[in-house]
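With compact mmCIF, C-alpha atoms (C1' of nucleotides) inside, this is coords04.txt:
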```txt
# COMPACT_ATOMS: atom_id res chain seq x y z
CA MET U 1 0.00 0.00 0.00
CA HIS U 2 2.82 2.38 0.76
CA ALA U 3 5.91 1.97 -1.32
CA PRO U 4 8.56 4.60 -0.63
CA ALA U 5 7.59 6.42 -3.84
CA ASP U 6 4.01 6.69 -2.68
CA LEU U 7 5.18 7.91 0.65
CA VAL U 8 7.23 10.70 -0.83
CA SER U 9 4.16 11.88 -2.68
CA THR U 10 2.03 11.63 0.41
CA LEU U 11 4.50 13.74 2.28
CA ARG U 12 4.84 16.29 -0.51
CA ASP U 13 1.10 16.68 -0.72
CA ARG U 14 1.22 17.85 2.83
CA GLY U 15 4.19 20.12 2.37
CA LEU U 16 6.35 17.62 4.26
CA ARG U 17 9.75 16.34 3.24
CA MET U 18 11.57 13.08 2.84
CA THR U 19 14.82 12.94 4.74
CA PRO U 20 17.50 10.30 5.20
CA GLN U 21 16.39 9.85 8.79
CA ARG U 22 12.78 9.26 7.89
CA LEU U 23 13.82 6.84 5.20
CA ALA U 24 16.01 4.90 7.61
CA ILE U 25 13.30 4.72 10.22
CA LEU U 26 10.70 3.70 7.71
CA SER U 27 12.97 1.08 6.20
CA ALA U 28 13.76 -0.37 9.60
CA ILE U 29 10.10 -0.84 10.39
CA MET U 30 9.24 -2.17 6.96
CA HIS U 31 11.87 -4.85 7.42
CA THR U 32 10.57 -5.74 10.84
CA PRO U 33 8.23 -8.73 10.59
CA GLY U 34 6.22 -8.00 13.69
CA HIS U 35 6.30 -4.95 15.87
CA ILE U 36 8.99 -2.88 17.52
CA SER U 37 9.11 -0.43 20.37
CA PRO U 38 10.28 3.14 19.90
CA THR U 39 13.32 2.63 22.09
CA ALA U 40 14.31 -0.59 20.35
CA LEU U 41 13.88 1.14 17.05
CA ALA U 42 15.95 4.08 18.20
CA ARG U 43 18.72 1.73 19.18
CA ARG U 44 18.60 -0.12 15.89
CA ILE U 45 18.63 3.08 13.88
CA GLN U 46 21.50 4.29 15.97
CA GLY U 47 23.48 1.31 14.76
CA GLU U 48 22.79 1.82 11.08
CA MET U 49 22.89 5.57 11.06
CA PRO U 50 24.74 6.99 14.05
CA GLY U 51 23.72 10.41 15.17
CA VAL U 52 20.02 10.00 14.70
CA ASN U 53 18.42 11.38 17.79
CA PRO U 54 15.72 9.52 19.69
CA SER U 55 13.52 12.57 19.49
CA THR U 56 13.64 12.29 15.73
CA VAL U 57 12.51 8.70 16.01
CA TYR U 58 9.57 9.64 18.17
CA ARG U 59 8.61 12.52 15.93
CA THR U 60 8.87 10.37 12.86
CA LEU U 61 6.81 7.56 14.33
CA ALA U 62 4.06 10.00 15.24
CA LEU U 63 4.17 11.49 11.77
CA LEU U 64 4.09 8.17 9.98
CA GLU U 65 1.20 7.08 12.10
CA GLU U 66 -0.66 10.28 11.39
CA ILE U 67 -0.41 9.80 7.65
CA GLY U 68 -1.51 6.20 7.97
CA VAL U 69 1.73 4.41 7.20
CA LEU U 70 2.22 3.00 10.68
CA ALA U 71 0.07 2.00 13.60
CA HIS U 72 0.85 1.07 17.15
CA ALA U 73 -0.47 -1.55 19.49
CA HIS U 74 -0.22 -1.98 23.24
CA LEU U 75 1.60 -5.12 24.28
CA GLU U 76 2.84 -6.16 27.68
CA GLY U 77 6.00 -4.13 27.37
CA GLY U 78 4.25 -0.99 26.21
CA ALA U 79 3.49 0.52 22.83
CA GLU U 80 4.93 -1.09 19.73
CA TYR U 81 4.78 0.08 16.15
CA HIS U 82 4.13 -1.90 13.01
CA ARG U 83 3.29 -1.34 9.36
CA ALA U 84 -0.29 -0.23 8.93
CA GLU U 85 -0.77 -2.86 6.23
CA GLU U 86 0.05 -5.47 8.80
CA ALA U 87 -2.87 -4.41 10.92
CA GLY U 88 -5.52 -7.04 11.43
CA HIS U 89 -3.08 -8.93 13.56
CA VAL U 90 -4.56 -9.63 16.92
CA HIS U 91 -1.74 -10.35 19.30
CA LEU U 92 -2.05 -13.19 21.77
CA THR U 93 0.71 -13.06 24.35
CA CYS U 94 1.35 -15.76 26.90
CA SER U 95 1.79 -14.31 30.36
CA ARG U 96 3.80 -17.34 31.41
CA CYS U 97 6.38 -17.82 28.69
CA GLY U 98 5.94 -14.66 26.68
CA ALA U 99 5.21 -16.54 23.49
CA GLY U 100 3.17 -14.68 20.92
CA ASP U 101 0.55 -15.86 18.49
CA ASP U 102 -1.89 -14.17 16.18
CA LEU U 103 -5.59 -14.52 15.77
CA SER U 104 -6.67 -15.08 12.21
CA LEU U 105 -8.48 -12.27 10.52
CA GLU U 106 -11.72 -14.22 10.19
CA GLU U 107 -11.61 -15.15 13.80
CA ALA U 108 -11.02 -11.58 14.82
CA THR U 109 -13.91 -10.52 12.65
CA ARG U 110 -16.18 -13.03 14.31
CA LEU U 111 -15.27 -11.79 17.75
CA GLN U 112 -15.79 -8.23 16.72
CA ALA U 113 -19.17 -9.04 15.22
CA MET U 114 -20.17 -10.67 18.45
CA ILE U 115 -19.26 -7.61 20.47
CA GLU U 116 -20.99 -5.35 18.01
CA GLU U 117 -24.23 -7.27 18.19
CA THR U 118 -24.55 -7.07 21.91
CA HIS U 119 -22.96 -3.71 22.61
CA GLY U 120 -23.03 -1.78 19.37
CA PHE U 121 -19.34 -1.33 20.04
CA HIS U 122 -17.05 -1.52 17.04
CA ALA U 123 -14.02 -3.18 18.53
CA ASP U 124 -10.52 -2.92 17.16
CA LEU U 125 -8.88 -5.99 18.60
CA THR U 126 -5.56 -5.08 17.06
CA HIS U 127 -4.94 -2.11 19.29
CA PHE U 128 -4.43 -4.02 22.50
CA ALA U 129 -2.90 -7.43 22.86
CA ILE U 130 -4.85 -10.28 24.38
CA SER U 131 -3.14 -11.79 27.37
CA GLY U 132 -3.53 -15.36 28.50
CA VAL U 133 -1.84 -18.70 28.83
CA CYS U 134 -0.71 -20.55 25.74
CA GLU U 135 -1.52 -24.19 25.16
CA THR U 136 1.95 -25.38 26.07
CA CYS U 137 2.08 -23.55 29.36
CA TRP U 138 -1.48 -24.56 30.11
CA ASN U 139 -0.69 -28.22 29.70
CA SER U 140 2.45 -28.09 31.75
CA VAL U 141 3.06 -27.04 35.31
CA ASP U 142 0.30 -25.86 37.55
CA ARG U 143 -3.03 -24.97 36.10
CA THR U 144 -3.98 -22.02 38.25
CA GLY U 145 -5.76 -20.38 35.40
CA PRO U 146 -5.07 -17.33 33.33
CA LYS U 147 -3.43 -15.03 35.79
CA PRO U 148 -1.12 -12.51 34.18
CA ALA U 149 2.15 -12.16 35.97
CA ARG U 150 3.73 -8.87 36.79
CA THR U 151 3.92 -6.79 33.71
CA ARG U 152 6.81 -4.56 34.44
CA MET E 1 -12.98 -12.85 49.21
CA HIS E 2 -10.48 -10.73 51.04
CA ALA E 3 -11.80 -8.87 54.02
CA PRO E 4 -9.14 -6.98 55.96
CA ALA E 5 -9.06 -9.71 58.61
CA ASP E 6 -8.33 -12.33 56.00
CA LEU E 7 -5.66 -10.14 54.56
CA VAL E 8 -3.87 -9.75 57.85
CA SER E 9 -3.76 -13.52 58.13
CA THR E 10 -2.55 -13.91 54.59
CA LEU E 11 0.23 -11.47 55.30
CA ARG E 12 1.15 -13.11 58.59
CA ASP E 13 1.33 -16.50 56.99
CA ARG E 14 4.05 -15.11 54.80
CA GLY E 15 5.87 -13.36 57.58
CA LEU E 16 4.60 -10.03 56.30
CA ARG E 17 3.03 -7.24 58.30
CA MET E 18 0.02 -5.00 58.30
CA THR E 19 0.83 -1.33 58.48
CA PRO E 20 -1.22 1.87 58.42
CA GLN E 21 0.08 2.63 54.95
CA ARG E 22 -0.92 -0.73 53.55
CA LEU E 23 -4.29 -0.41 55.16
CA ALA E 24 -4.83 3.04 53.68
CA ILE E 25 -3.79 1.93 50.23
CA LEU E 26 -5.93 -1.16 50.38
CA SER E 27 -8.90 0.78 51.68
CA ALA E 28 -8.57 3.34 48.92
CA ILE E 29 -8.65 0.67 46.26
CA MET E 30 -11.45 -1.26 47.89
CA HIS E 31 -13.56 1.88 47.84
CA THR E 32 -12.76 2.56 44.21
CA PRO E 33 -15.55 1.20 42.02
CA GLY E 34 -13.47 0.68 38.91
CA HIS E 35 -9.75 0.93 38.52
CA ILE E 36 -7.10 3.44 39.47
CA SER E 37 -3.59 4.21 38.32
CA PRO E 38 -0.65 4.08 40.71
CA THR E 39 -0.03 7.79 40.41
CA ALA E 40 -3.67 8.70 40.96
CA LEU E 41 -3.70 6.40 43.94
CA ALA E 42 -0.53 7.94 45.29
CA ARG E 43 -2.10 11.36 45.04
CA ARG E 44 -5.28 10.24 46.74
CA ILE E 45 -3.42 8.57 49.55
CA GLN E 46 -1.30 11.66 49.93
CA GLY E 47 -4.49 13.57 50.66
CA GLU E 48 -5.80 11.20 53.29
CA MET E 49 -2.52 10.33 54.85
CA PRO E 50 0.18 12.89 54.14
CA GLY E 51 3.70 11.64 54.12
CA VAL E 52 3.06 8.35 52.41
CA ASN E 53 5.72 8.02 49.77
CA PRO E 54 4.93 7.02 46.19
CA SER E 55 7.51 4.28 46.44
CA THR E 56 5.49 2.77 49.23
CA VAL E 57 2.43 2.84 47.02
CA TYR E 58 4.25 1.04 44.24
CA ARG E 59 5.71 -1.52 46.56
CA THR E 60 2.37 -2.13 48.20
CA LEU E 61 0.56 -2.52 44.90
CA ALA E 62 3.10 -5.09 43.77
CA LEU E 63 2.78 -6.93 47.04
CA LEU E 64 -1.00 -6.96 47.05
CA GLU E 65 -1.01 -8.20 43.51
CA GLU E 66 1.44 -10.92 44.35
CA ILE E 67 -0.74 -12.26 47.14
CA GLY E 68 -3.77 -12.14 44.91
CA VAL E 69 -5.67 -9.27 46.46
CA LEU E 70 -5.26 -6.93 43.53
CA ALA E 71 -4.79 -7.19 39.80
CA HIS E 72 -3.92 -4.70 37.14
CA ALA E 73 -5.18 -4.11 33.64
CA HIS E 74 -3.78 -2.14 30.74
CA LEU E 75 -6.06 0.66 29.64
CA GLU E 76 -5.39 3.51 27.27
CA GLY E 77 -3.70 5.57 29.92
CA GLY E 78 -1.48 2.78 31.15
CA ALA E 79 -1.72 0.24 33.93
CA GLU E 80 -4.56 0.51 36.41
CA TYR E 81 -5.21 -1.52 39.53
CA HIS E 82 -8.44 -2.97 40.80
CA ARG E 83 -9.68 -5.46 43.36
CA ALA E 84 -8.98 -9.00 42.27
CA GLU E 85 -12.57 -9.95 43.02
CA GLU E 86 -13.66 -7.38 40.51
CA ALA E 87 -11.82 -9.17 37.75
CA GLY E 88 -14.00 -10.50 34.99
CA HIS E 89 -14.55 -6.98 33.81
CA VAL E 90 -13.59 -6.67 30.21
CA HIS E 91 -13.04 -3.01 29.47
CA LEU E 92 -14.31 -1.52 26.25
CA THR E 93 -12.90 1.95 25.71
CA CYS E 94 -13.98 4.24 22.91
CA SER E 95 -11.03 5.75 21.11
CA ARG E 96 -13.13 8.69 20.03
CA CYS E 97 -14.89 9.89 23.14
CA GLY E 98 -13.12 7.87 25.80
CA ALA E 99 -16.34 6.34 27.06
CA GLY E 100 -15.99 3.02 28.82
CA ASP E 101 -18.23 -0.01 28.89
CA ASP E 102 -17.91 -3.53 30.18
CA LEU E 103 -18.45 -6.84 28.49
CA SER E 104 -20.69 -9.14 30.42
CA LEU E 105 -19.11 -12.14 32.00
CA GLU E 106 -21.01 -14.61 29.83
CA GLU E 107 -20.01 -12.76 26.74
CA ALA E 108 -16.38 -12.68 27.78
CA THR E 109 -16.57 -16.39 28.46
CA ARG E 110 -17.95 -17.05 25.01
CA LEU E 111 -15.18 -15.10 23.35
CA GLN E 112 -12.58 -16.88 25.41
CA ALA E 113 -14.05 -20.25 24.54
CA MET E 114 -13.87 -19.34 20.89
CA ILE E 115 -10.21 -18.47 21.12
CA GLU E 116 -9.47 -21.57 23.10
CA GLU E 117 -11.07 -23.84 20.54
CA THR E 118 -9.05 -22.58 17.66
CA HIS E 119 -5.77 -21.74 19.34
CA GLY E 120 -5.69 -23.64 22.58
CA PHE E 121 -4.95 -20.27 24.07
CA HIS E 122 -6.58 -19.51 27.40
CA ALA E 123 -7.29 -15.83 27.04
CA ASP E 124 -7.71 -13.43 29.90
CA LEU E 125 -9.66 -10.63 28.31
CA THR E 126 -9.58 -8.63 31.50
CA HIS E 127 -5.89 -7.88 31.35
CA PHE E 128 -5.98 -5.57 28.36
CA ALA E 129 -8.76 -3.20 27.43
CA ILE E 130 -10.50 -3.56 24.10
CA SER E 131 -10.31 -0.43 22.04
CA GLY E 132 -12.86 0.59 19.47
CA VAL E 133 -15.63 3.01 18.64
CA CYS E 134 -18.75 3.12 20.74
CA GLU E 135 -22.20 3.07 19.23
CA THR E 136 -22.79 6.77 19.75
CA CYS E 137 -19.56 7.83 18.10
CA TRP E 138 -20.10 5.32 15.34
CA ASN E 139 -23.50 6.71 14.48
CA SER E 140 -22.37 10.29 14.51
CA VAL E 141 -19.71 12.07 12.52
CA ASP E 142 -17.58 10.30 9.99
CA ARG E 143 -17.54 6.57 9.84
CA THR E 144 -13.94 5.90 8.98
CA GLY E 145 -13.94 2.75 10.99
CA PRO E 146 -12.22 1.75 14.18
CA LYS E 147 -8.98 3.59 14.05
CA PRO E 148 -7.55 4.29 17.49
CA ALA E 149 -6.27 7.79 17.89
CA ARG E 150 -2.92 8.57 19.39
CA THR E 151 -2.67 6.92 22.74
CA ARG E 152 -0.16 9.02 24.47
C1' DG A 1 15.42 31.51 -0.04
C1' DT A 2 12.10 29.65 2.91
C1' DA A 3 9.71 26.52 5.49
C1' DT A 4 10.49 22.14 7.45
C1' DA A 5 13.37 18.65 9.99
C1' DT A 6 17.04 17.56 12.97
C1' DG A 7 20.20 17.54 16.87
C1' DC A 8 21.00 18.93 21.25
C1' DA A 9 19.95 19.75 25.79
C1' DA A 10 16.85 20.24 29.19
C1' DA A 11 12.68 19.21 31.39
C1' DG A 12 8.79 16.24 32.71
C1' DG A 13 6.82 12.28 34.44
C1' DT A 14 6.73 7.61 36.11
C1' DT A 15 8.80 3.85 38.37
C1' DT A 16 12.79 1.60 40.68
C1' DT A 17 16.45 1.11 43.99
C1' DG A 18 19.80 1.66 48.06
C1' DC A 19 20.07 2.74 52.53
C1' DA A 20 19.31 4.27 57.26
C1' DC A 21 15.69 4.60 60.42
C1' DA A 22 11.17 3.50 62.20
C1' DG A 23 7.92 0.34 63.74
C1' DC A 24 5.31 -4.12 63.73
C1' DC A 25 5.23 -8.70 65.95
C1' DG Y 1 15.07 -7.54 69.69
C1' DG Y 2 14.94 -8.86 65.19
C1' DC Y 3 13.24 -8.54 60.85
C1' DT Y 4 10.12 -6.10 57.87
C1' DG Y 5 8.38 -1.70 56.01
C1' DT Y 6 8.92 3.14 55.14
C1' DG Y 7 10.70 7.58 53.87
C1' DC Y 8 14.02 9.89 51.53
C1' DA Y 9 16.91 10.77 47.83
C1' DA Y 10 18.88 9.51 43.87
C1' DA Y 11 18.84 7.16 39.71
C1' DA Y 12 16.96 4.97 35.70
C1' DC Y 13 13.86 5.20 32.01
C1' DC Y 14 11.02 6.91 28.53
C1' DT Y 15 9.12 10.69 26.17
C1' DT Y 16 8.34 15.54 25.13
C1' DT Y 17 9.65 20.23 24.15
C1' DG Y 18 12.25 24.68 22.95
C1' DC Y 19 15.50 26.48 20.26
C1' DA Y 20 19.32 27.18 17.04
C1' DT Y 21 21.10 25.08 13.04
C1' DA Y 22 20.99 22.30 9.00
C1' DT Y 23 18.75 20.92 4.92
C1' DA Y 24 15.06 19.45 1.54
C1' DC Y 25 12.50 21.67 -1.97
```

Could you express the structure from this file as structure tokens?
Amino acid sequence: MHAPADLVSTLRDRGLRMTPQRLAILSAIMHTPGHISPTALARRIQGEMPGVNPSTVYRTLALLEEIGVLAHAHLEGGAEYHRAEEAGHVHLTCSRCGAGDDLSLEEATRLQAMIEETHGFHADLTHFAISGVCETCWNSVDRTGPKPARTR
Amino acid sequence: MHAPADLVSTLRDRGLRMTPQRLAILSAIMHTPGHISPTALARRIQGEMPGVNPSTVYRTLALLEEIGVLAHAHLEGGAEYHRAEEAGHVHLTCSRCGAGDDLSLEEATRLQAMIEETHGFHADLTHFAISGVCETCWNSVDRTGPKPARTR
DNA sequence: GTATATGCAAAGGTTTTGCACAGCC
DNA sequence: GGCTGTGCAAAACCTTTGCATATAC
């Protein structure tokens, strides 16, 4: 949906500019399969392109989200960013082992439909993770039920 | 499930002690209908019982969660604590107007069952809020779909 | 050339930690 | 009296903001 060329146009249309920093940040996220936190991203960028300031990373993330290129979700460790195209991923995170899984799109749609019917609430299950205990952890050890451990 | 008397015993069994600060913090949360953030709690406690340090609030919250009296959930504004008994509340928060609603317990159970069937994942829908657009907001204004606004 | 973007530095806010003292049991 | 809990202060983080400079267009 958003090849770099498109992005440049999108920016220009708004009187905004493409810079090496923005390109590096964008590229880093586009090559990240899942999601990445601002701080992790800042560190990674720092490696590839020393001198890029964290504040630039934050400003760029906010910008890219505003123009619809990126989105963020809230996982256990805090906010994480991902490509907007990759939205639709509903994150399941195991509170025991930390393993992550994704709900399928159809499944997510079914859940959302269910919530909409009863509450008229149009849920976006991608914005927050869903915590719980994965099958492996559930079958092993004690079975005290889904009780999230300390988050931070 | 946890009257103060019980709590004192629970603490004693672990070689822990009941203090005025812990009592004040616990009381504040027990009298809070929904959920409350650590900082908000610290401020409230400060009003009732000047001199109580924020660090004490944080340590107490962690302790009370560890012994199962409290639990926390991740809402838009960050982590919030609530009575463990009051778990089962699945928070729906509107990204447009900020309004909050709760999923019924049966409904939550149905959703969890659905996820379990297909993924073997035992979800705890109470740990993270569910973001989306409430009926009112959906019916008014533009209908661009559930797109969470900037969180922080 | 001009408006935008960046780096830098400082500030803001939240949460954690070390340590000496206070206080519960 | 001994061990736990608290206050205090400092530090560790993460994130935001103001401003001068650099730079994309």

Please build the interface table for chain U against chain Y with a cut-off of 8 Å, listing for each qualifying residue the nearest atom pair and the distance in Å to one decimal; count only C-alpha atoms (C1' of nucleotides), order rows by chain and increasing number, and write it as CSV.
```
residue,atom,partner,partner_atom,distance
U:Arg17,CA,Y:DA24,C1',6.4
U:Met18,CA,Y:DA24,C1',7.4
U:Thr19,CA,Y:DA24,C1',7.3
```

Please build the interface table for chain E against chain U with a cut-off of 10 Å, listing for each qualifying residue the nearest atom pair and the distance in Å to one decimal; count all atoms listed in the file, order rows by chain and increasing number, and write it as a Markdown table.
```
| residue | atom | partner | partner_atom | distance |
| --- | --- | --- | --- | --- |
| E:Ala62 | CA | U:Arg150 | CA | 8.0 |
| E:Glu65 | CA | U:Arg150 | CA | 8.3 |
| E:Glu66 | CA | U:Arg150 | CA | 8.2 |
| E:Gly68 | CA | U:Lys147 | CA | 9.6 |
| E:Ala71 | CA | U:Pro148 | CA | 8.6 |
| E:His72 | CA | U:Arg150 | CA | 8.7 |
| E:Ala73 | CA | U:Pro148 | CA | 9.3 |
| E:His74 | CA | U:His74 | CA | 8.3 |
| E:Leu75 | CA | U:Phe128 | CA | 8.7 |
| E:Glu76 | CA | U:His74 | CA | 8.6 |
| E:Gly78 | CA | U:Gly78 | CA | 8.5 |
| E:Ala79 | CA | U:Thr151 | CA | 9.0 |
| E:Leu92 | CA | U:Ala123 | CA | 7.9 |
| E:Thr93 | CA | U:Ala123 | CA | 8.9 |
| E:Cys94 | CA | U:Phe121 | CA | 8.2 |
| E:Ser95 | CA | U:Asp124 | CA | 9.5 |
| E:Asp101 | CA | U:His119 | CA | 8.7 |
| E:Asp102 | CA | U:His119 | CA | 9.1 |
| E:Leu103 | CA | U:His119 | CA | 8.0 |
| E:Ser104 | CA | U:Thr118 | CA | 9.6 |
| E:Glu107 | CA | U:Ile115 | CA | 8.1 |
| E:Ala108 | CA | U:Ile115 | CA | 9.4 |
| E:Arg110 | CA | U:Leu111 | CA | 9.4 |
| E:Leu111 | CA | U:Leu111 | CA | 6.5 |
| E:Gln112 | CA | U:Leu111 | CA | 9.6 |
| E:Met114 | CA | U:Leu111 | CA | 8.3 |
| E:Ile115 | CA | U:Leu103 | CA | 8.1 |
| E:Glu116 | CA | U:Glu135 | CA | 8.6 |
| E:Thr118 | CA | U:Glu107 | CA | 8.8 |
| E:His119 | CA | U:Glu135 | CA | 7.6 |
| E:Gly120 | CA | U:Glu135 | CA | 4.9 |
| E:Phe121 | CA | U:Cys134 | CA | 4.6 |
| E:His122 | CA | U:Val133 | CA | 5.0 |
| E:Ala123 | CA | U:Gly132 | CA | 4.1 |
| E:Asp124 | CA | U:Gly132 | CA | 4.8 |
| E:Leu125 | CA | U:Ile130 | CA | 6.2 |
| E:Thr126 | CA | U:Ser131 | CA | 8.3 |
| E:His127 | CA | U:Ser131 | CA | 6.2 |
| E:Phe128 | CA | U:Phe128 | CA | 6.3 |
| E:Ala129 | CA | U:Phe128 | CA | 6.6 |
| E:Ile130 | CA | U:Leu125 | CA | 6.2 |
| E:Ser131 | CA | U:Asp124 | CA | 5.5 |
| E:Gly132 | CA | U:Ala123 | CA | 4.1 |
| E:Val133 | CA | U:His122 | CA | 5.0 |
| E:Cys134 | CA | U:Phe121 | CA | 4.5 |
| E:Glu135 | CA | U:Gly120 | CA | 4.9 |
| E:Thr136 | CA | U:Gly120 | CA | 8.6 |
| E:Cys137 | CA | U:Phe121 | CA | 9.4 |
| E:Trp138 | CA | U:His122 | CA | 7.7 |
| E:Asn139 | CA | U:Gly120 | CA | 9.8 |
| E:Gly145 | CA | U:His122 | CA | 8.0 |
| E:Pro146 | CA | U:Asp124 | CA | 5.8 |
| E:Lys147 | CA | U:Asp124 | CA | 7.4 |
| E:Pro148 | CA | U:His127 | CA | 7.1 |
| E:Ala149 | CA | U:Glu66 | CA | 8.9 |
| E:Arg150 | CA | U:Ala62 | CA | 8.2 |
| E:Thr151 | CA | U:His72 | CA | 8.8 |
| E:Arg152 | CA | U:Ala79 | CA | 9.4 |
```

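Once chain U is fitted onto chain E using all Cα atoms matched in sequence order, the root-mean-square deviation is 0.2 Å.
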
For chain U, which residues have at least one atom within 9 Å of chain A, if we go by all atoms listed in the file? Write them as a ChimeraX atom specification, please. /U:15-17,19,21,51-53,55-56

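The nearest approach to E:His31 among the residues E:Arg14, E:Arg44, E:His89, E:Arg59, with all atoms listed in the file taken into account, belongs to E:Arg44.
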
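Note that atom CA of U:Ile67 and atom CA of U:Thr10 are 7.9 Å apart.
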
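Distances from E:Met49, E:Val141, E:Val90, E:Leu11 to E:Val69 were compared using all atoms listed in the file, and the smallest one belongs to E:Leu11.
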
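The interatomic distance for the pair atom CA of E:Gly34 and atom CA of E:His82 works out to 6.5 Å.
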
Residues within 7 Å of (6.5, 1.6, 19.2), counting only C-alpha atoms (C1' of nucleotides), listed as a PDB file with C-alpha atoms, in the frame of the given file:
```pdb
ATOM      1  CA  ILE U  36       8.990  -2.880  17.520  1.00  0.00           C
ATOM      2  CA  SER U  37       9.110  -0.430  20.370  1.00  0.00           C
ATOM      3  CA  PRO U  38      10.280   3.140  19.900  1.00  0.00           C
ATOM      4  CA  HIS U  72       0.850   1.070  17.150  1.00  0.00           C
ATOM      5  CA  ALA U  79       3.490   0.520  22.830  1.00  0.00           C
ATOM      6  CA  GLU U  80       4.930  -1.090  19.730  1.00  0.00           C
ATOM      7  CA  TYR U  81       4.780   0.080  16.150  1.00  0.00           C
TER       8      TYR U  81
END
```

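With atom CA of U:Pro50 on one side and atom CA of U:Ile29 on the other, the separation reads 17.0 Å.
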